[in-house]
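Novice: I'd like to ask you about the structure that follows.
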Amino acid sequence: MEIKMEKLFYIDSYIKNFTAEIEEVKEEENKFHILLDKTAFFPGGGGQYCDLGTIDNIPVIDVYEENEKIYHVLDKKPNRIHKVKCEIDWSRREYGMQHHFGQHVISACFKNEYNATTVGFHLGKDFSTVDIEGFYKEDDMIKIENMCNEIIRENIPVEFLNINKKEAKKLKIKDDISKLGNDIRVVKFGDLDINLCCGVHVKNTLDLRVIKIKKFEKYKKATRIEFLCGTKAIDEMLKRDNYLNKICKLLSSNEEDAYKGIENLNNKLNEVNKENRRLEEIISNYEVKEMIEEAEKIQDMNVIIKTYENK
């Protein structure tokens with residue numbers, strides 16, 4: 001009986017380094033596809049991209065699963081096959097892990113508060129988006145964002161269950177399980193949410209640190225929400241705070257008065273632009289009159305020749 005590869009990323013999603021044995025090396029199109037006896041490299045799935053990193057100090061450029069075997073693609077063949085040192089690109093893993101689970105939290109809040117279904121999710125490099133059926137206003141977004149961050153503060157453990165169809169029906173999982181086998185993996189946090197998921201996630205909601213909704217817009221019959229989680233969200237907020245400090249310094253005001261100061265400047269600019277347009281119209285009328293008076297007379301016609309640049 002063939003023993004299945006040990007998937008360390010399901011045992012502990014926080015493993016950054018591990019040692020493994022190389023069991024197979026396939027060379028295809030000048031790339032080396034490495035099969036290890038165990039791996040912490042997640043091959044991707046559930047809307048989450050694969051891990052990258054190094055094997056024997058050689059960059060891993062892709063990871064994929066084929067026939068329940070996980071292959072790691074390298075440009076160069078490793079020098080050894082025993083006790084090979086492997087390292088995960090932790091920044092990439094953490095970003096994917098936090099934003100994937102962040103989507104679960106946002107979706108759970110919309111489901112519990114508005115009975116709204118999630119119809120799309122995209123994990124991007126700089127931010128992620130989730131599509132929620134229906135249309136929402138800014139007050140709704142503020143409410144959901146507060147709910148999400150309250151869940152984070154509650155430090156709810158994230159559970160992963162490997163169950164069969166019978167057990168899945170008892171748990172009343174909302175996902176369609178009719179086409180699945182009898183080996184089902186679900187993610188659950190408290191009584192807030194439970195659904196099918198093959199991705200890797202944080203251990204508890206507190207590890208998300210913060211969820212920040214950046215913007216939202218109508219998208220087909222849904223609302224597309226752009227959001228950040230964890231380390232990426234904190235870095236973004238620190239950057240914004242730095243810009244806000246510069247704005248306050250420039251306006252010689254505190255944070256509360258900064259908006260009013262910018263609003264006043266904008267109103268004054270609009271007034272100036274309006275006055276400029278009025279003056280330009282007056283000048284143009286005089287210019288037209290002058291051109292007509294200076295026009296070359298050819299029989300009964302006035303011929304005006306005038307060249308303008310940047311006008």
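Ordering of the structure tokens sets the chain letters (A, B, ...); residue numbers start at 1 within each chain; ligands are numbered from 1 in the order shown.
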I'd like the contact shell of Lys7 in chain A - 9 Å cut-off, only C-alpha atoms, skipping same-chain residues fewer than 4 positions apart - returned as a ChimeraX atom specification.

Specialist: /A:11,38-42,70

Novice: I need the helix (DSSP H, G or I) residues of range 19-195 of chain A per DSSP on the backbone, written as a PyMOL selection string.

Specialist: chain A and resi 90-114+138-153+165-170

Novice: Those residues with N, CA and C atoms, as a short mmCIF file (atom, residue, chain, number, x, y, z; two decimals), in the first residue's frame please?

Specialist:
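Final output, selection34.cif:
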data_model
loop_
_atom_site.label_atom_id
_atom_site.label_comp_id
_atom_site.auth_asym_id
_atom_site.auth_seq_id
_atom_site.Cartn_x
_atom_site.Cartn_y
_atom_site.Cartn_z
N TRP A 90 8.25 33.12 3.78
CA TRP A 90 7.25 33.36 4.81
C TRP A 90 6.38 34.59 4.53
N SER A 91 6.95 35.62 3.96
CA SER A 91 6.17 36.83 3.66
C SER A 91 5.02 36.50 2.71
N ARG A 92 5.31 35.69 1.70
CA ARG A 92 4.29 35.28 0.73
C ARG A 92 3.24 34.41 1.41
N ARG A 93 3.69 33.44 2.21
CA ARG A 93 2.76 32.54 2.91
C ARG A 93 1.87 33.32 3.87
N GLU A 94 2.48 34.19 4.68
CA GLU A 94 1.72 34.92 5.67
C GLU A 94 0.67 35.81 5.01
N TYR A 95 1.06 36.48 3.92
CA TYR A 95 0.11 37.34 3.22
C TYR A 95 -1.07 36.53 2.70
N GLY A 96 -0.78 35.41 2.04
CA GLY A 96 -1.84 34.57 1.50
C GLY A 96 -2.72 33.99 2.58
N MET A 97 -2.10 33.55 3.67
CA MET A 97 -2.82 32.93 4.78
C MET A 97 -3.75 33.93 5.46
N GLN A 98 -3.23 35.12 5.72
CA GLN A 98 -4.03 36.14 6.40
C GLN A 98 -5.18 36.63 5.54
N HIS A 99 -4.93 36.87 4.26
CA HIS A 99 -5.98 37.41 3.40
C HIS A 99 -7.01 36.35 3.02
N HIS A 100 -6.58 35.10 2.90
CA HIS A 100 -7.54 34.04 2.62
C HIS A 100 -8.51 33.89 3.80
N PHE A 101 -7.96 33.85 5.01
CA PHE A 101 -8.84 33.71 6.16
C PHE A 101 -9.60 35.01 6.43
N GLY A 102 -8.98 36.15 6.11
CA GLY A 102 -9.68 37.43 6.25
C GLY A 102 -10.96 37.45 5.43
N GLN A 103 -10.89 36.83 4.24
CA GLN A 103 -12.09 36.73 3.41
C GLN A 103 -13.16 35.90 4.10
N HIS A 104 -12.75 34.83 4.78
CA HIS A 104 -13.71 34.01 5.53
C HIS A 104 -14.43 34.84 6.59
N VAL A 105 -13.68 35.70 7.27
CA VAL A 105 -14.26 36.52 8.34
C VAL A 105 -15.23 37.55 7.75
N ILE A 106 -14.82 38.24 6.69
CA ILE A 106 -15.68 39.23 6.04
C ILE A 106 -16.96 38.56 5.54
N SER A 107 -16.81 37.42 4.87
CA SER A 107 -17.97 36.70 4.33
C SER A 107 -18.91 36.27 5.44
N ALA A 108 -18.35 35.79 6.56
CA ALA A 108 -19.17 35.35 7.69
C ALA A 108 -19.97 36.53 8.26
N CYS A 109 -19.36 37.69 8.35
CA CYS A 109 -20.05 38.87 8.89
C CYS A 109 -21.20 39.29 7.98
N PHE A 110 -20.97 39.29 6.67
CA PHE A 110 -22.04 39.64 5.74
C PHE A 110 -23.17 38.60 5.77
N LYS A 111 -22.79 37.34 5.90
CA LYS A 111 -23.80 36.28 5.96
C LYS A 111 -24.64 36.39 7.21
N ASN A 112 -23.99 36.61 8.34
CA ASN A 112 -24.71 36.68 9.61
C ASN A 112 -25.51 37.97 9.78
N GLU A 113 -25.01 39.07 9.19
CA GLU A 113 -25.67 40.37 9.38
C GLU A 113 -26.72 40.65 8.31
N TYR A 114 -26.42 40.27 7.04
CA TYR A 114 -27.32 40.60 5.93
C TYR A 114 -27.82 39.37 5.16
N GLU A 138 -21.73 53.07 2.58
CA GLU A 138 -20.55 53.26 3.42
C GLU A 138 -20.82 52.88 4.87
N ASP A 139 -22.01 53.18 5.37
CA ASP A 139 -22.37 52.81 6.75
C ASP A 139 -22.32 51.30 6.95
N ASP A 140 -22.74 50.55 5.92
CA ASP A 140 -22.70 49.09 5.99
C ASP A 140 -21.25 48.61 6.10
N MET A 141 -20.38 49.23 5.32
CA MET A 141 -18.96 48.83 5.31
C MET A 141 -18.30 49.12 6.67
N ILE A 142 -18.62 50.26 7.23
CA ILE A 142 -18.07 50.61 8.54
C ILE A 142 -18.55 49.60 9.59
N LYS A 143 -19.81 49.24 9.49
CA LYS A 143 -20.39 48.27 10.43
C LYS A 143 -19.70 46.91 10.31
N ILE A 144 -19.52 46.43 9.07
CA ILE A 144 -18.88 45.13 8.83
C ILE A 144 -17.42 45.15 9.27
N GLU A 145 -16.72 46.24 8.98
CA GLU A 145 -15.32 46.35 9.37
C GLU A 145 -15.19 46.29 10.89
N ASN A 146 -16.07 46.97 11.60
CA ASN A 146 -16.05 46.92 13.07
C ASN A 146 -16.34 45.52 13.59
N MET A 147 -17.29 44.84 12.96
CA MET A 147 -17.62 43.47 13.35
C MET A 147 -16.42 42.54 13.14
N CYS A 148 -15.76 42.69 12.01
CA CYS A 148 -14.58 41.85 11.71
C CYS A 148 -13.49 42.04 12.76
N ASN A 149 -13.22 43.27 13.10
CA ASN A 149 -12.13 43.54 14.05
C ASN A 149 -12.51 43.17 15.48
N GLU A 150 -13.80 43.13 15.78
CA GLU A 150 -14.24 42.63 17.08
C GLU A 150 -14.01 41.12 17.15
N ILE A 151 -14.26 40.43 16.05
CA ILE A 151 -14.00 38.98 15.98
C ILE A 151 -12.51 38.70 16.16
N ILE A 152 -11.67 39.54 15.57
CA ILE A 152 -10.22 39.40 15.73
C ILE A 152 -9.83 39.52 17.20
N ARG A 153 -10.37 40.53 17.87
CA ARG A 153 -10.04 40.75 19.28
C ARG A 153 -10.49 39.61 20.19
N LYS A 165 -18.93 12.67 4.19
CA LYS A 165 -20.17 13.33 3.76
C LYS A 165 -21.25 13.28 4.83
N LYS A 166 -21.34 12.15 5.53
CA LYS A 166 -22.36 12.00 6.57
C LYS A 166 -22.15 13.04 7.67
N GLU A 167 -20.88 13.20 8.08
CA GLU A 167 -20.56 14.18 9.12
C GLU A 167 -20.77 15.61 8.62
N ALA A 168 -20.48 15.83 7.33
CA ALA A 168 -20.67 17.15 6.73
C ALA A 168 -22.14 17.56 6.74
N LYS A 169 -23.03 16.61 6.48
CA LYS A 169 -24.47 16.89 6.49
C LYS A 169 -24.95 17.25 7.90
N LYS A 170 -24.38 16.59 8.91
CA LYS A 170 -24.75 16.87 10.29
C LYS A 170 -24.33 18.29 10.70
#

Novice: Residues of range 149-258 of chain A in strand (DSSP E or B) according to DSSP, as an NGL selection string?

Specialist: :A and (157-163 or 184-189 or 193-196 or 204 or 211-219 or 222-229)

Novice: Measure the distance from CA of Ile132 in chain A to CA of Pro43 in chain A in Å and round it to one decimal.

Specialist: 26.9 Å

Novice: Taking into account only C-alpha atoms, which residue in the set A:Tyr49, A:Met5, A:Lys137, A:Arg80 is nearest to Ile22 in chain A?

Specialist: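 Answer, going by the shortest atom-to-atom distance: A:Arg80.
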
Novice: For a test of reading the model, state the distance in Å between CA of Lys232 in chain A and CA of Ile15 in chain A, rounded to one decimal.

Specialist: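 If I compute the distance from CA of Lys232 in chain A to CA of Ile15 in chain A, I get 20.1 Å.
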
Novice: Tell me, as a PyMOL selection string, which residues lie within 9 Å of Glu133 in chain A, counting only C-alpha atoms; anything in the same chain fewer than 3 positions away does not count.

Specialist: chain A and resi 116-119+221-224

Novice: Any idea what the distance is between CA of Val84 in chain A and CA of Ile55 in chain A?

Specialist: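 A separation of 6.9 Å between them.
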
Novice: So, with only C-alpha atoms as the atoms that count, which of A:Glu256, A:Glu24, A:Glu159, A:Glu87 lies closest to Val200 in chain A?

Specialist: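 Counting only C-alpha atoms, the residue closest to Val200 in chain A is A:Glu159.
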